[in-house]
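Colleague: One file is attached below, query_29.cif, containing mmCIF, C-alpha atoms.
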```cif
data_work
#
loop_
_atom_site.label_atom_id
_atom_site.label_comp_id
_atom_site.auth_asym_id
_atom_site.auth_seq_id
_atom_site.Cartn_x
_atom_site.Cartn_y
_atom_site.Cartn_z
CA MET X 12 219.34 54.13 -43.18
CA THR X 13 215.81 55.11 -42.21
CA THR X 14 214.18 57.46 -39.75
CA ARG X 15 210.75 55.85 -39.81
CA HIS X 16 209.21 52.83 -38.21
CA ILE X 17 209.20 49.62 -40.25
CA LEU X 18 205.95 47.69 -40.43
CA LEU X 19 205.74 44.08 -41.51
CA ILE X 20 202.33 43.18 -42.87
CA GLY X 21 200.98 40.06 -44.52
CA PHE X 22 198.75 37.09 -44.00
CA MET X 23 199.26 34.94 -40.91
CA GLY X 24 202.14 32.51 -41.20
CA THR X 25 204.22 34.59 -43.62
CA GLY X 26 207.00 35.09 -41.06
CA LYS X 27 206.39 38.62 -39.79
CA SER X 28 207.42 37.97 -36.17
CA THR X 29 210.45 35.83 -37.00
CA VAL X 30 211.68 38.22 -39.69
CA GLY X 31 210.87 41.27 -37.58
CA GLU X 32 212.90 40.16 -34.56
CA GLN X 33 216.01 39.63 -36.68
CA LEU X 34 215.47 42.80 -38.73
CA ALA X 35 215.21 44.86 -35.55
CA ARG X 36 218.49 43.38 -34.27
CA ASN X 37 220.19 44.05 -37.61
CA LEU X 38 219.07 47.71 -37.65
CA ASN X 39 219.34 48.33 -33.90
CA TYR X 40 215.61 49.10 -33.70
CA ALA X 41 213.20 48.03 -30.98
CA PHE X 42 210.94 45.12 -31.96
CA VAL X 43 207.22 45.00 -31.20
CA ASP X 44 204.94 42.11 -32.06
CA LEU X 45 201.52 43.79 -32.22
CA ASP X 46 199.62 40.65 -31.17
CA ALA X 47 201.93 40.16 -28.17
CA GLU X 48 201.46 43.82 -27.23
CA ILE X 49 197.67 43.37 -27.32
CA VAL X 50 197.94 40.31 -25.07
CA LYS X 51 200.16 42.26 -22.66
CA GLN X 52 197.88 45.30 -22.50
CA VAL X 53 194.55 43.45 -22.37
CA GLY X 54 195.91 40.81 -20.01
CA ARG X 55 194.46 37.80 -21.83
CA THR X 56 195.45 35.49 -24.66
CA ILE X 57 194.14 36.18 -28.15
CA PRO X 58 191.84 33.11 -28.08
CA ASP X 59 190.45 34.35 -24.74
CA ILE X 60 189.91 37.86 -26.10
CA PHE X 61 188.04 36.47 -29.12
CA ALA X 62 185.98 34.09 -26.97
CA GLN X 63 185.05 36.62 -24.29
CA ASP X 64 184.80 39.90 -26.21
CA GLY X 65 184.72 38.96 -29.90
CA GLU X 66 186.76 39.91 -32.92
CA ALA X 67 185.43 43.50 -33.01
CA PHE X 68 186.87 44.21 -29.54
CA PHE X 69 190.20 42.65 -30.57
CA ARG X 70 190.32 44.83 -33.71
CA GLU X 71 189.59 47.96 -31.65
CA GLN X 72 192.51 47.16 -29.34
CA GLU X 73 194.72 46.40 -32.34
CA SER X 74 193.95 49.78 -33.94
CA ARG X 75 194.40 51.70 -30.68
CA ILE X 76 197.74 50.11 -29.86
CA LEU X 77 199.01 50.40 -33.45
CA ALA X 78 198.23 54.14 -33.49
CA ARG X 79 200.02 54.63 -30.17
CA LEU X 80 203.10 52.75 -31.40
CA LEU X 81 203.25 54.72 -34.64
CA ARG X 82 203.14 58.02 -32.74
CA ASP X 83 206.17 56.95 -30.67
CA ARG X 84 209.06 59.21 -31.67
CA THR X 85 211.33 58.18 -28.79
CA ARG X 86 212.60 55.08 -30.58
CA LEU X 87 212.56 53.43 -33.98
CA LEU X 88 210.43 50.32 -34.18
CA VAL X 89 210.08 47.24 -36.31
CA ILE X 90 206.44 46.28 -35.83
CA ALA X 91 205.21 42.81 -36.78
CA THR X 92 201.49 43.30 -37.27
CA GLY X 93 198.76 40.70 -37.10
CA GLY X 94 197.45 39.46 -40.43
CA GLY X 95 194.08 41.18 -39.96
CA VAL X 96 195.38 44.67 -39.14
CA VAL X 97 194.73 45.63 -42.79
CA LEU X 98 190.98 45.08 -42.44
CA ASP X 99 190.61 48.65 -41.12
CA GLU X 100 191.24 51.28 -43.79
CA ALA X 101 192.38 53.75 -41.12
CA ASN X 102 195.11 51.30 -40.08
CA ARG X 103 196.30 50.96 -43.69
CA LYS X 104 196.45 54.75 -44.06
CA LEU X 105 198.25 55.22 -40.73
CA MET X 106 200.86 52.57 -41.52
CA ARG X 107 201.56 53.99 -44.96
CA GLU X 108 201.95 57.53 -43.55
CA HIS X 109 204.12 56.63 -40.56
CA GLY X 110 206.39 53.87 -41.74
CA ALA X 111 208.06 51.77 -44.34
CA VAL X 112 205.51 49.04 -45.02
CA ILE X 113 206.88 45.65 -46.04
CA GLN X 114 204.48 42.89 -47.09
CA LEU X 115 205.62 39.33 -46.54
CA THR X 116 203.84 36.76 -48.69
CA ALA X 117 203.70 32.98 -48.95
CA ALA X 118 201.76 30.46 -50.99
CA GLU X 119 198.55 29.11 -49.49
CA GLU X 120 200.11 25.65 -49.02
CA THR X 121 203.09 27.15 -47.17
CA ILE X 122 200.79 29.11 -44.87
CA VAL X 123 198.64 26.08 -44.09
CA GLN X 124 201.75 24.06 -43.30
CA ARG X 125 203.09 26.79 -41.00
CA VAL X 126 199.89 27.57 -39.06
CA SER X 127 197.71 24.44 -39.06
CA GLN X 128 198.92 23.24 -35.63
CA ASP X 129 198.88 26.69 -33.98
CA ARG X 130 196.10 26.72 -31.36
CA ASN X 131 196.67 30.44 -30.71
CA ARG X 132 194.84 31.42 -33.92
CA PRO X 133 191.10 31.68 -33.24
CA LEU X 134 190.28 32.46 -36.88
CA LEU X 135 191.60 29.03 -37.92
CA GLN X 136 189.48 26.81 -35.72
CA GLY X 137 188.10 23.85 -37.65
CA ASP X 138 189.54 23.00 -41.06
CA ALA X 139 192.63 25.20 -41.20
CA ALA X 140 193.17 24.78 -44.95
CA SER X 141 189.67 25.92 -45.88
CA ARG X 142 189.78 28.76 -43.33
CA VAL X 143 193.11 29.97 -44.74
CA ARG X 144 191.72 29.86 -48.29
CA LYS X 145 188.57 31.77 -47.26
CA LEU X 146 190.47 34.43 -45.31
CA MET X 147 193.02 34.90 -48.11
CA LEU X 148 190.18 35.54 -50.55
CA GLU X 149 188.48 37.96 -48.16
CA ARG X 150 191.71 39.91 -47.67
CA GLN X 151 192.80 39.90 -51.29
CA GLY X 152 194.10 43.35 -52.25
CA LEU X 153 194.14 44.70 -48.70
CA TYR X 154 197.92 44.38 -48.41
CA ASP X 155 198.59 46.16 -51.72
CA PHE X 156 199.63 49.46 -50.11
CA ALA X 157 203.03 48.08 -49.09
CA HIS X 158 206.21 49.79 -50.26
CA LEU X 159 207.88 46.40 -50.83
CA ILE X 160 206.64 42.83 -51.25
CA VAL X 161 208.87 39.90 -50.28
CA PRO X 162 207.81 36.27 -50.90
CA THR X 163 209.01 34.14 -47.98
CA ASP X 164 208.35 30.59 -49.22
CA HIS X 165 211.86 29.66 -50.30
CA LEU X 166 213.99 32.29 -48.56
CA THR X 167 215.82 32.21 -45.25
CA VAL X 168 215.22 34.92 -42.65
CA GLU X 169 218.63 36.35 -43.58
CA GLN X 170 217.73 36.50 -47.29
CA ILE X 171 214.40 38.18 -46.53
CA ASN X 172 216.09 40.76 -44.34
CA GLU X 173 218.78 41.41 -46.97
CA ARG X 174 216.02 42.30 -49.44
CA ILE X 175 214.28 44.56 -46.92
CA GLU X 176 217.51 46.30 -45.90
CA ALA X 177 218.53 46.84 -49.55
CA HIS X 178 215.12 48.39 -50.22
CA LEU X 179 215.45 50.71 -47.22
CA VAL X 180 218.91 51.85 -48.32
CA ASN X 181 217.69 52.54 -51.87
CA GLU X 182 214.57 54.42 -50.76
CA LYS X 183 215.77 57.88 -49.82
CA ALA X 184 212.23 58.81 -48.76
CA TYR X 185 212.53 56.77 -45.55
#
```
Take the structure in the file and write it out as structure tokens.

Modeller:
Amino acid sequence: MTTRHILLIGFMGTGKSTVGEQLARNLNYAFVDLDAEIVKQVGRTIPDIFAQDGEAFFREQESRILARLLRDRTRLLVIATGGGVVLDEANRKLMREHGAVIQLTAAEETIVQRVSQDRNRPLLQGDAASRVRKLMLERQGLYDFAHLIVPTDHLTVEQINERIEAHLVNEKAY
């Protein structure tokens, strides 16, 4: 079907990790959650990384680990990225060059509902709804490099993956 890594991008709460795990099983790829990989390699939780070293340090680790994963030619990966990975133009370029990039989307209300109780998201501390709105505006257009966009609001994981898999089959370039 494809000989390239598959990258799931999109705002937090759009379903990248959930969709990615199932997609990897369906395609017999290895699954990597980029945030979990950062936690594993740095040895601290994301809130701790943000509190102790700041967002800039987190973003540096994110870019470093993403680049290493994309250079991996020993296995095919489905990579669920963090919502902010697109903030770095070099990351956007690298993902586009080394993989099939799938953007998962959801309405603001859906995202707020999905993430408002998640204490593992340092960028949402305080009023989650206003933070989501602000971050969505700041990141507007940064996900536009994706090869495919899939809205996740009213679809099951299986339906989302059917759309992704159909796209991969139809795209001979992958």

Colleague: Which neighbours of Ile122 in chain X fall inside 9 Å, counting all atoms listed in the file, when residues of the same chain fewer than 6 positions from it are skipped, and could you give them as a PyMOL selection string?

Modeller: chain X and resi 22-25+140+143+164

Colleague: With the file shown as input, list the residues that the PyMOL selection byres ((chain X and resi 171) around 10) selects, as a ChimeraX atom specification.

Modeller: /X:26,30,34,115,161-163,165-170,172-176

Colleague: Could you tell me which residues the PyMOL selection byres ((chain X and resi 80) around 12) returns for this structure, as an NGL selection string?

Modeller: :X and (15-18 or 41-45 or 48-49 or 73-79 or 81-92 or 102 or 105-106 or 109-110)

Colleague: What is the distance, in Å and to one decimal place, between CA of His178 in chain X and CA of Ile20 in chain X?

Modeller: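 Between CA of His178 in chain X and CA of Ile20 in chain X the gap works out to 15.6 Å.
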
Colleague: Report, as AutoDock Vina command-line options, the axis-aligned box around all atoms of range 33-39 of chain X present in the file, extended by 5 Å on each side; give centre and edge lengths in Å to one decimal place.

Modeller:
```
--center_x 217.7 --center_y 44.0 --center_z -36.3 --size_x 15.0 --size_y 18.7 --size_z 14.8
```

Colleague: So that I can check the surroundings of range 68-72 of chain X, please list as a list in words every protein, DNA and RNA residue that reaches within 9 Å of it, counting all atoms listed in the file and ignoring chain neighbours fewer than 5 positions away.

Modeller: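 Neighbouring residues, sequence-local ones excluded: Ile49, Gln52, Val53, Ile57, Ile60, Phe61, Leu77, Gly95, Val96, Leu98 and Asp99 of chain X.
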
Colleague: Using all atoms listed in the file, which of the listed residues (X:Ser141, X:Val126, X:Val97, X:Ala177) sits closest to Asp155 in chain X?

Modeller: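 Ranked by minimum distance to Asp155 in chain X, first place goes to X:Val97.
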
Colleague: Expressed in Å to a single decimal, how great is the separation between CA of Gly152 in chain X and CA of Asp59 in chain X?

Modeller: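 So the two atoms, CA of Gly152 in chain X and CA of Asp59 in chain X, lie 29.2 Å apart.
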
Colleague: In terms of the shortest atom-to-atom distance over all atoms listed in the file, which of X:Ala67, X:Met147, X:Val50, X:Leu159 is closest to Leu19 in chain X?

Modeller: X:Leu159

Colleague: Quick one, how far is CA of Thr56 in chain X from CA of Ser28 in chain X?

Modeller: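 Result for CA of Thr56 in chain X versus CA of Ser28 in chain X: 16.8 Å, one decimal.
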